Every structure is written in structure tokens, then in C-alpha cells.
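Below is start24.cif, holding mmCIF, C-alpha atoms and all ligand atoms.
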data_protein
#
loop_
_atom_site.group_PDB
_atom_site.id
_atom_site.type_symbol
_atom_site.label_atom_id
_atom_site.label_comp_id
_atom_site.auth_asym_id
_atom_site.auth_seq_id
_atom_site.Cartn_x
_atom_site.Cartn_y
_atom_site.Cartn_z
ATOM 1 C CA MET A 1 -23.589 15.248 48.832
ATOM 2 C CA SER A 2 -20.643 12.953 48.086
ATOM 3 C CA VAL A 3 -17.265 14.375 47.128
ATOM 4 C CA ILE A 4 -17.383 12.832 43.665
ATOM 5 C CA THR A 5 -20.793 14.383 42.974
ATOM 6 C CA THR A 6 -19.436 17.766 44.049
ATOM 7 C CA VAL A 7 -16.394 17.334 41.802
ATOM 8 C CA CYS A 8 -18.600 16.418 38.835
ATOM 9 C CA ASP A 9 -20.928 19.357 39.511
ATOM 10 C CA LEU A 10 -18.101 21.885 39.840
ATOM 11 C CA LEU A 11 -16.326 20.625 36.726
ATOM 12 C CA ASP A 12 -19.580 20.763 34.748
ATOM 13 C CA GLU A 13 -20.248 24.299 35.959
ATOM 14 C CA TYR A 14 -16.759 25.491 35.072
ATOM 15 C CA HIS A 15 -16.054 23.613 31.826
ATOM 16 C CA GLY A 16 -19.623 22.878 30.722
ATOM 17 C CA GLU A 17 -21.466 19.569 30.969
ATOM 18 C CA LYS A 18 -20.560 17.249 28.091
ATOM 19 C CA GLN A 19 -23.034 14.872 26.483
ATOM 20 C CA TRP A 20 -22.002 11.851 24.457
ATOM 21 C CA SER A 21 -23.393 11.707 20.957
ATOM 22 C CA ASN A 22 -22.534 9.491 17.998
ATOM 23 C CA GLY A 23 -19.004 8.167 17.981
ATOM 24 C CA ARG A 24 -16.798 6.758 15.249
ATOM 25 C CA PRO A 25 -17.191 3.094 14.254
ATOM 26 C CA ILE A 26 -15.314 0.872 16.701
ATOM 27 C CA LEU A 27 -12.347 0.052 14.467
ATOM 28 C CA ASP A 28 -11.955 3.702 13.434
ATOM 29 C CA GLU A 29 -11.948 4.730 17.090
ATOM 30 C CA LEU A 30 -9.390 2.060 17.932
ATOM 31 C CA ILE A 31 -7.033 3.269 15.199
ATOM 32 C CA TYR A 32 -7.629 6.912 16.141
ATOM 33 C CA THR A 33 -6.870 6.172 19.785
ATOM 34 C CA ILE A 34 -3.634 4.407 18.909
ATOM 35 C CA LEU A 35 -2.651 7.471 16.880
ATOM 36 C CA SER A 36 -3.460 9.670 19.894
ATOM 37 C CA GLN A 37 -1.064 7.824 22.204
ATOM 38 C CA ASN A 38 1.650 10.166 23.507
ATOM 39 C CA THR A 39 0.723 13.102 21.318
ATOM 40 C CA SER A 40 -1.673 16.044 21.223
ATOM 41 C CA ALA A 41 -5.238 15.919 19.920
ATOM 42 C CA ALA A 42 -4.243 18.234 17.059
ATOM 43 C CA ASN A 43 -1.445 15.872 15.999
ATOM 44 C CA SER A 44 -3.577 12.750 16.219
ATOM 45 C CA ASP A 45 -6.372 14.456 14.257
ATOM 46 C CA ARG A 46 -3.896 15.318 11.492
ATOM 47 C CA ALA A 47 -2.416 11.819 11.426
ATOM 48 C CA TYR A 48 -5.859 10.182 11.338
ATOM 49 C CA GLU A 49 -7.095 12.423 8.505
ATOM 50 C CA SER A 50 -3.925 11.742 6.548
ATOM 51 C CA LEU A 51 -4.291 7.980 7.050
ATOM 52 C CA VAL A 52 -7.932 7.766 5.960
ATOM 53 C CA ASN A 53 -7.245 10.056 2.994
ATOM 54 C CA ARG A 54 -4.276 7.967 1.850
ATOM 55 C CA PHE A 55 -6.012 4.564 2.068
ATOM 56 C CA GLU A 56 -9.536 3.759 0.973
ATOM 57 C CA THR A 57 -10.185 0.934 3.431
ATOM 58 C CA TRP A 58 -8.683 -0.577 6.587
ATOM 59 C CA GLN A 59 -8.002 -3.714 4.538
ATOM 60 C CA ALA A 60 -5.860 -1.538 2.262
ATOM 61 C CA VAL A 61 -3.914 -0.290 5.279
ATOM 62 C CA ALA A 62 -3.396 -3.879 6.439
ATOM 63 C CA GLY A 63 -2.046 -4.865 3.028
ATOM 64 C CA SER A 64 0.361 -1.930 2.680
ATOM 65 C CA PRO A 65 4.044 -1.780 3.559
ATOM 66 C CA VAL A 66 4.593 -0.476 7.059
ATOM 67 C CA GLU A 67 6.753 2.330 5.611
ATOM 68 C CA ASP A 68 3.748 3.672 3.670
ATOM 69 C CA ILE A 69 1.592 3.645 6.784
ATOM 70 C CA ALA A 70 4.348 5.385 8.758
ATOM 71 C CA SER A 71 4.629 8.012 6.033
ATOM 72 C CA ALA A 72 0.876 8.667 6.174
ATOM 73 C CA ILE A 73 0.848 9.155 9.960
ATOM 74 C CA LYS A 74 4.176 10.899 10.450
ATOM 75 C CA SER A 75 2.510 14.188 11.495
ATOM 76 C CA GLY A 76 1.273 12.438 14.644
ATOM 77 C CA GLY A 77 4.695 11.442 15.971
ATOM 78 C CA LEU A 78 6.059 7.997 16.901
ATOM 79 C CA ALA A 79 5.100 6.817 13.414
ATOM 80 C CA ASN A 80 7.683 4.035 13.455
ATOM 81 C CA ILE A 81 6.027 2.535 16.538
ATOM 82 C CA LYS A 82 2.395 3.208 15.663
ATOM 83 C CA ALA A 83 2.536 2.064 12.024
ATOM 84 C CA PRO A 84 3.547 -1.555 12.761
ATOM 85 C CA ARG A 85 1.160 -1.567 15.734
ATOM 86 C CA ILE A 86 -1.772 -0.549 13.510
ATOM 87 C CA LYS A 87 -0.815 -2.932 10.721
ATOM 88 C CA ASN A 88 -0.467 -5.870 13.121
ATOM 89 C CA ILE A 89 -3.833 -5.202 14.735
ATOM 90 C CA LEU A 90 -5.540 -4.962 11.345
ATOM 91 C CA LEU A 91 -3.864 -8.165 10.159
ATOM 92 C CA GLN A 92 -4.896 -10.021 13.321
ATOM 93 C CA ILE A 93 -8.501 -8.875 13.023
ATOM 94 C CA GLY A 94 -8.563 -9.833 9.341
ATOM 95 C CA GLU A 95 -7.121 -13.286 10.093
ATOM 96 C CA ARG A 96 -9.713 -13.933 12.784
ATOM 97 C CA GLN A 97 -12.615 -12.679 10.652
ATOM 98 C CA HIS A 98 -11.706 -14.111 7.225
ATOM 99 C CA GLY A 99 -10.570 -10.772 5.838
ATOM 100 C CA ASP A 100 -13.342 -8.678 7.399
ATOM 101 C CA THR A 101 -12.004 -5.952 9.702
ATOM 102 C CA ASN A 102 -15.358 -4.661 10.926
ATOM 103 C CA LEU A 103 -15.538 -4.624 14.733
ATOM 104 C CA ASP A 104 -19.131 -3.433 15.111
ATOM 105 C CA TRP A 105 -20.015 -6.797 16.652
ATOM 106 C CA LEU A 106 -18.182 -5.685 19.809
ATOM 107 C CA ALA A 107 -21.247 -3.563 20.567
ATOM 108 C CA GLU A 108 -23.073 -6.803 21.422
ATOM 109 C CA LEU A 109 -20.579 -7.667 24.164
ATOM 110 C CA THR A 110 -20.572 -6.599 27.786
ATOM 111 C CA ASP A 111 -18.133 -3.847 28.760
ATOM 112 C CA LYS A 112 -15.777 -6.385 30.309
ATOM 113 C CA GLU A 113 -15.912 -8.727 27.314
ATOM 114 C CA ALA A 114 -15.213 -5.873 24.902
ATOM 115 C CA VAL A 115 -12.348 -4.524 27.025
ATOM 116 C CA ASP A 116 -10.815 -7.995 27.352
ATOM 117 C CA TYR A 117 -10.989 -8.471 23.577
ATOM 118 C CA LEU A 118 -9.258 -5.150 22.912
ATOM 119 C CA LEU A 119 -6.590 -5.763 25.564
ATOM 120 C CA GLY A 120 -5.594 -8.855 23.585
ATOM 121 C CA PHE A 121 -3.868 -6.665 20.990
ATOM 122 C CA GLU A 122 -0.289 -5.572 21.490
ATOM 123 C CA GLY A 123 -0.171 -1.830 22.080
ATOM 124 C CA VAL A 124 -3.711 -1.649 23.473
ATOM 125 C CA GLY A 125 -3.823 -0.892 27.187
ATOM 126 C CA ARG A 126 -6.523 0.053 29.675
ATOM 127 C CA LYS A 127 -6.770 3.667 28.525
ATOM 128 C CA THR A 128 -7.036 2.816 24.827
ATOM 129 C CA ALA A 129 -9.663 0.121 25.455
ATOM 130 C CA ALA A 130 -11.698 2.481 27.644
ATOM 131 C CA CYS A 131 -11.476 5.246 25.007
ATOM 132 C CA VAL A 132 -12.894 2.902 22.386
ATOM 133 C CA LEU A 133 -15.811 1.889 24.607
ATOM 134 C CA MET A 134 -16.600 5.392 25.811
ATOM 135 C CA PHE A 135 -16.122 7.416 22.621
ATOM 136 C CA SER A 136 -17.366 4.877 20.098
ATOM 137 C CA LEU A 137 -20.148 3.183 22.056
ATOM 138 C CA GLY A 138 -20.999 5.691 24.771
ATOM 139 C CA ARG A 139 -20.345 3.046 27.422
ATOM 140 C CA PRO A 140 -19.494 4.065 30.999
ATOM 141 C CA ALA A 141 -15.831 3.106 30.665
ATOM 142 C CA LEU A 142 -13.516 5.738 32.116
ATOM 143 C CA PRO A 143 -10.211 6.348 30.347
ATOM 144 C CA VAL A 144 -7.514 7.514 32.756
ATOM 145 C CA ASP A 145 -4.922 9.573 30.917
ATOM 146 C CA THR A 146 -2.116 11.548 32.529
ATOM 147 C CA HIS A 147 -4.442 14.491 33.353
ATOM 148 C CA VAL A 148 -7.261 12.430 34.865
ATOM 149 C CA HIS A 149 -4.679 10.467 36.858
ATOM 150 C CA ARG A 150 -2.855 13.511 38.240
ATOM 151 C CA VAL A 151 -5.936 15.585 39.082
ATOM 152 C CA ALA A 152 -7.744 12.637 40.709
ATOM 153 C CA MET A 153 -4.767 11.932 42.973
ATOM 154 C CA ARG A 154 -4.345 15.591 43.918
ATOM 155 C CA LEU A 155 -8.035 15.891 44.736
ATOM 156 C CA GLY A 156 -7.772 12.805 46.929
ATOM 157 C CA LEU A 157 -10.323 10.814 44.912
ATOM 158 C CA ILE A 158 -7.727 8.035 44.751
ATOM 159 C CA GLU A 159 -4.499 7.346 46.564
ATOM 160 C CA LYS A 160 -1.140 7.266 44.803
ATOM 161 C CA VAL A 161 -1.642 4.370 42.403
ATOM 162 C CA SER A 162 -0.680 3.649 38.804
ATOM 163 C CA ALA A 163 -2.878 4.954 36.003
ATOM 164 C CA ASP A 164 -3.815 1.355 35.180
ATOM 165 C CA ALA A 165 -5.002 0.725 38.751
ATOM 166 C CA ALA A 166 -6.842 4.060 38.751
ATOM 167 C CA HIS A 167 -9.187 2.833 35.998
ATOM 168 C CA ASP A 168 -11.002 0.424 38.298
ATOM 169 C CA LEU A 169 -10.899 2.704 41.340
ATOM 170 C CA LEU A 170 -12.358 5.735 39.563
ATOM 171 C CA ALA A 171 -14.907 3.665 37.654
ATOM 172 C CA GLN A 172 -16.215 2.459 41.040
ATOM 173 C CA ILE A 173 -16.839 5.960 42.387
ATOM 174 C CA VAL A 174 -17.893 8.053 39.376
ATOM 175 C CA PRO A 175 -21.597 7.507 38.608
ATOM 176 C CA ALA A 176 -21.959 5.805 35.215
ATOM 177 C CA GLU A 177 -24.103 8.578 33.781
ATOM 178 C CA ARG A 178 -21.455 11.193 34.642
ATOM 179 C CA ILE A 179 -18.354 9.360 33.394
ATOM 180 C CA TYR A 180 -18.291 10.940 29.933
ATOM 181 C CA SER A 181 -18.451 14.540 31.159
ATOM 182 C CA PHE A 182 -16.111 13.746 34.073
ATOM 183 C CA HIS A 183 -13.458 12.382 31.712
ATOM 184 C CA ILE A 184 -13.630 15.260 29.217
ATOM 185 C CA ASN A 185 -13.663 17.907 31.944
ATOM 186 C CA MET A 186 -10.874 16.336 34.022
ATOM 187 C CA VAL A 187 -8.657 16.345 30.914
ATOM 188 C CA ALA A 188 -9.559 19.984 30.280
ATOM 189 C CA HIS A 189 -8.912 20.821 33.929
ATOM 190 C CA GLY A 190 -5.507 19.167 33.827
ATOM 191 C CA ARG A 191 -4.575 21.063 30.682
ATOM 192 C CA GLN A 192 -5.931 24.462 31.683
ATOM 193 C CA VAL A 193 -5.762 24.708 35.486
ATOM 194 C CA CYS A 194 -4.209 21.766 37.328
ATOM 195 C CA HIS A 195 -0.932 21.709 35.422
ATOM 196 C CA ALA A 196 1.642 19.079 36.263
ATOM 197 C CA ARG A 197 3.947 21.883 37.339
ATOM 198 C CA GLY A 198 2.466 24.990 38.882
ATOM 199 C CA PRO A 199 -1.227 24.151 39.321
ATOM 200 C CA LYS A 200 -3.324 27.338 39.502
ATOM 201 C CA CYS A 201 -4.983 26.484 42.819
ATOM 202 C CA SER A 202 -5.982 30.069 43.583
ATOM 203 C CA GLN A 203 -8.084 30.088 40.383
ATOM 204 C CA CYS A 204 -9.419 26.537 40.734
ATOM 205 C CA VAL A 205 -13.095 25.838 41.415
ATOM 206 C CA LEU A 206 -12.093 22.635 43.210
ATOM 207 C CA ASP A 207 -9.675 24.196 45.690
ATOM 208 C CA ARG A 208 -11.961 24.038 48.733
ATOM 209 C CA ILE A 209 -12.354 20.280 48.421
ATOM 210 C CA CYS A 210 -8.879 19.493 47.081
ATOM 211 C CA ARG A 211 -6.557 17.545 49.356
ATOM 212 C CA TRP A 212 -3.417 18.786 47.607
ATOM 213 C CA ALA A 213 -4.461 22.448 47.811
ATOM 214 C CA GLY A 214 -5.533 22.012 51.441
ATOM 215 C CA SER A 215 -2.252 20.468 52.501
ATOM 216 C CA ASN A 216 -0.293 23.238 50.773
ATOM 217 C CA LYS A 217 -2.344 25.970 52.429
ATOM 218 C CA GLY A 218 -1.706 24.362 55.746
ATOM 219 C CA GLY A 219 2.049 24.494 55.088
HETATM 220 S S1 LIG B 301 -6.903 23.006 43.803
HETATM 221 FE FE1 LIG B 301 -4.920 22.956 42.767
HETATM 222 S S2 LIG B 301 -4.161 20.848 42.947
HETATM 223 FE FE2 LIG B 301 -6.360 20.854 43.441
HETATM 224 S S3 LIG B 301 -7.386 20.364 41.504
HETATM 225 FE FE3 LIG B 301 -7.309 22.576 41.644
HETATM 226 S S4 LIG B 301 -5.422 23.210 40.596
HETATM 227 FE FE4 LIG B 301 -5.296 20.990 41.002
#
Would you write out, as C-alpha cells, the structure that this file holds?
Amino acid sequence: MSVITTVCDLLDEYHGEKQWSNGRPILDELIYTILSQNTSAANSDRAYESLVNRFETWQAVAGSPVEDIASAIKSGGLANIKAPRIKNILLQIGERQHGDTNLDWLAELTDKEAVDYLLGFEGVGRKTAACVLMFSLGRPALPVDTHVHRVAMRLGLIEKVSADAAHDLLAQIVPAERIYSFHINMVAHGRQVCHARGPKCSQCVLDRICRWAGSNKGG
């Protein structure tokens, strides 16, 4: 059995296998993911709820002063960066689509075409684009956040590379049908077990196949 299959199996056994079900509409997921940048899930949930409660439509957000948008999302942190980012993206989409901000048509594109389209917006990087494809459309795009990046390098699944470079490398080795559960469980593992400082290797189900744990045991 390959190492990646073993990692997926052990993570599923420990954290529970995750199945993708319906996601948010594509534009909603894009805005949510921007709100989730550099903050906790609880904060981004609060900011997103506040934003959609304050404004009736995405067109209304696009037409509002950036200060009002920042006020609506302030619970999520970095509101002064995220508010203009969100407004600019909405304005650009509206300009391209004659006022319509619906992005459901992206579902007709290939993964690469959809990712390339999303990467064309300022403030949208590899992780954000992959989140939109995976969470909204259930596509086998693998977002690499700080937890996935750290745990994958410690395990030895990838060498020491940037998180951006890790997207392609991990997507090549994780079977498409396991990407969703792998992503969710690697994030959980990074938060609960494989902490940035003081990983709990003695309690980790991956320790016997982990390069980092093995090299530390060996002194
Ligand atoms: S064995 Fe240690 S370093 Fe390796 S994945 Fe588990 S907690 Fe992280």
C-alpha cells in the first residue's frame, strides 16, 4: 500500500472520513474564503453572516462604500484589507457580466480554467481558488493551508517547498476521490495533534510512518 493511501486511511480512522455534500454557490464561497484568510473559522463565519445579513445582494455590496463593508466584516479581522478586496472583485465581475455577479457558469469549466479565472483577481491565490473549487463544486482541488503544508512536509509527503508549490505536488499524489477528506482531516490534525510548536508525536496515529517523528526518535 502506498504511503499516501496509508496516511489517508489513518487520518480517516482517527478523525472520521469526510464526504463532500452541497456547497455554497461559487460567488458566496469565494467571498467566504476571502473572509477566512488569516483568521479562524469562527471569525470568518461571524463576518460572513454579518455581511449577508447587512446587504441583500452581492450587487448591493459592490455598490456600497468600502467603509460600510469593512464595518460589516470587522468581527473577522483585517477588515480594512478584505473590504476593498471584496468590493473590487464584485465590481470586476459586474463589469465583465453587465451587472450580473453570478459565477455559477464556472461549473462548466475545467478545473484549470476555473482556477485560472479565479487567480485573475487580486487577493485570490492558489489556496483560495482551490477552496472555491473543492467546497463549492466538490472538485478534486486540494487547498494547502498552513496546517496541510506543515503536516505534509513533516510526514515527508513533500520536500520543503512553498505552500503554493505544494498545491501541485500534493494534488499529484493524493487520489482525487480522497482529496476532500484528506484536506479536512489534515487541517484537523494540524490543529489538534501536529501543532506548529510541540507536535504530540507520542499520541499521533501517523508516527510510525512520519519522517519528522522518525528522525527525532533517532536523535
Ligand atoms: S508524528 Fe509528530 S510530526 Fe509526524 S504528523 Fe504526527 S504529530 Fe506531526
For this file, the PyMOL selection byres (((chain A and resi 167-174) around 10) and not hetatm) selects which residues, as a PyMOL selection string? chain A and resi 2-5+7-8+126-127+130+140-145+148-149+152+157-159+161-166+175-180+182-183
With a distance cut-off of 12 Å and all atoms listed in the file, select the neighbouring residues of A:Arg24, excluding the residue or stretch itself and same-chain residues fewer than 5 positions from it, and output the selection as a PDB file with C-alpha atoms, in the coordinates of the input.
ATOM      1  CA  GLU A  29     -11.948   4.730  17.090  1.00  0.00           C
ATOM      2  CA  LEU A  30      -9.390   2.060  17.932  1.00  0.00           C
ATOM      3  CA  ILE A  31      -7.033   3.269  15.199  1.00  0.00           C
ATOM      4  CA  TYR A  32      -7.629   6.912  16.141  1.00  0.00           C
ATOM      5  CA  THR A  33      -6.870   6.172  19.785  1.00  0.00           C
ATOM      6  CA  LEU A 103     -15.538  -4.624  14.733  1.00  0.00           C
ATOM      7  CA  ASP A 104     -19.131  -3.433  15.111  1.00  0.00           C
ATOM      8  CA  CYS A 131     -11.476   5.246  25.007  1.00  0.00           C
ATOM      9  CA  VAL A 132     -12.894   2.902  22.386  1.00  0.00           C
ATOM     10  CA  LEU A 133     -15.811   1.889  24.607  1.00  0.00           C
ATOM     11  CA  MET A 134     -16.600   5.392  25.811  1.00  0.00           C
ATOM     12  CA  PHE A 135     -16.122   7.416  22.621  1.00  0.00           C
ATOM     13  CA  SER A 136     -17.366   4.877  20.098  1.00  0.00           C
ATOM     14  CA  LEU A 137     -20.148   3.183  22.056  1.00  0.00           C
ATOM     15  CA  GLY A 138     -20.999   5.691  24.771  1.00  0.00           C
TER      16      GLY A 138
END
Taking only C-alpha atoms and all ligand atoms and a cut-off of 12 Å, can you tell me which residues surround ligand LIG 301 (chain B), written as number ranges by chain? A: 7, 10-11, 14, 147-157, 185-217
Kindly indicate which residue among A:Glu122, A:Gln59, A:Asp68, A:Lys74 lies nearest to A:His98, using only C-alpha atoms for the distances.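 That would be A:Gln59, the residue with the smallest distance to A:His98.
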When you draw a straight line from atom CA of A:Glu95 to atom CA of A:Gly120, how long is it in Å? 14.3 Å
What is the distance between atom CA of A:Leu51 and atom CA of A:Arg85, in Å to one decimal?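 Atom CA of A:Arg85 lies at a distance of 14.0 Å from atom CA of A:Leu51.
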Quick one: distance from atom CA of A:Leu90 to atom CA of A:Arg46 in Å, one decimal?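 According to the coordinates, atom CA of A:Leu90 and atom CA of A:Arg46 are separated by 20.3 Å.
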Identify all residues satisfying the PyMOL selection byres (((chain A and resi 57) around 12) and not hetatm) in the given file; provide them as a VMD selection string. chain A and resid 27 to 28 51 to 56 58 to 64 90 99 to 102
Nearest residue to A:Trp105 out of A:Asp9, A:Pro25, A:Gln19, A:Pro84, using only C-alpha atoms? A:Pro25
Ranking A:Asn80, A:Thr128, A:Thr6, A:Ser21 by minimum distance to A:Glu67 and counting only C-alpha atoms, which one comes first?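 Using only C-alpha atoms, the shortest distance to A:Glu67 belongs to A:Asn80.
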With distances taken over only C-alpha atoms, which residue among A:Ser36, A:Ser50, A:Gln97, A:Thr110 lies nearest A:Gly77?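 Closest to A:Gly77 of all the choices is A:Ser36.
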Given 8 Å on each side, where is the centre and what are the edge lengths in Å to one decimal of the axis-aligned box enclosing the listed atoms of stretch 90-107 of chain A, as AutoDock Vina command-line options?
--center_x -12.6 --center_y -8.8 --center_z 13.2 --size_x 33.4 --size_y 26.7 --size_z 30.7
Would you mind putting back N, CA and C atoms on stretch 194-206 of chain A, then writing it out as an mmCIF file, in the frame of the given file?
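Generated file (out08.cif):
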data_model
loop_
_atom_site.group_PDB
_atom_site.id
_atom_site.type_symbol
_atom_site.label_atom_id
_atom_site.label_comp_id
_atom_site.auth_asym_id
_atom_site.auth_seq_id
_atom_site.Cartn_x
_atom_site.Cartn_y
_atom_site.Cartn_z
ATOM 1 N N CYS A 194 -5.002 22.602 36.422
ATOM 2 C CA CYS A 194 -4.209 21.766 37.328
ATOM 3 C C CYS A 194 -2.995 21.201 36.584
ATOM 4 N N HIS A 195 -2.116 22.119 36.188
ATOM 5 C CA HIS A 195 -0.932 21.709 35.422
ATOM 6 C C HIS A 195 -0.034 20.798 36.250
ATOM 7 N N ALA A 196 0.721 19.972 35.550
ATOM 8 C CA ALA A 196 1.642 19.079 36.263
ATOM 9 C C ALA A 196 2.595 19.898 37.128
ATOM 10 N N ARG A 197 3.104 20.977 36.554
ATOM 11 C CA ARG A 197 3.947 21.883 37.339
ATOM 12 C C ARG A 197 3.221 23.207 37.469
ATOM 13 N N GLY A 198 3.113 23.700 38.672
ATOM 14 C CA GLY A 198 2.466 24.990 38.882
ATOM 15 C C GLY A 198 0.966 24.986 38.695
ATOM 16 N N PRO A 199 0.242 24.109 39.405
ATOM 17 C CA PRO A 199 -1.227 24.151 39.321
ATOM 18 C C PRO A 199 -1.753 25.496 39.817
ATOM 19 N N LYS A 200 -2.781 26.018 39.142
ATOM 20 C CA LYS A 200 -3.324 27.338 39.502
ATOM 21 C C LYS A 200 -4.405 27.188 40.570
ATOM 22 N N CYS A 201 -4.009 26.784 41.767
ATOM 23 C CA CYS A 201 -4.983 26.484 42.819
ATOM 24 C C CYS A 201 -5.824 27.694 43.196
ATOM 25 N N SER A 202 -5.232 28.878 43.163
ATOM 26 C CA SER A 202 -5.982 30.069 43.583
ATOM 27 C C SER A 202 -7.106 30.394 42.598
ATOM 28 N N GLN A 203 -7.024 29.843 41.387
ATOM 29 C CA GLN A 203 -8.084 30.088 40.383
ATOM 30 C C GLN A 203 -8.953 28.848 40.167
ATOM 31 N N CYS A 204 -8.770 27.828 40.991
ATOM 32 C CA CYS A 204 -9.419 26.537 40.734
ATOM 33 C C CYS A 204 -10.744 26.404 41.484
ATOM 34 N N VAL A 205 -11.774 25.996 40.784
ATOM 35 C CA VAL A 205 -13.095 25.838 41.415
ATOM 36 C C VAL A 205 -13.134 24.656 42.392
ATOM 37 N N LEU A 206 -12.114 23.827 42.351
ATOM 38 C CA LEU A 206 -12.093 22.635 43.210
ATOM 39 C C LEU A 206 -11.250 22.848 44.468
#
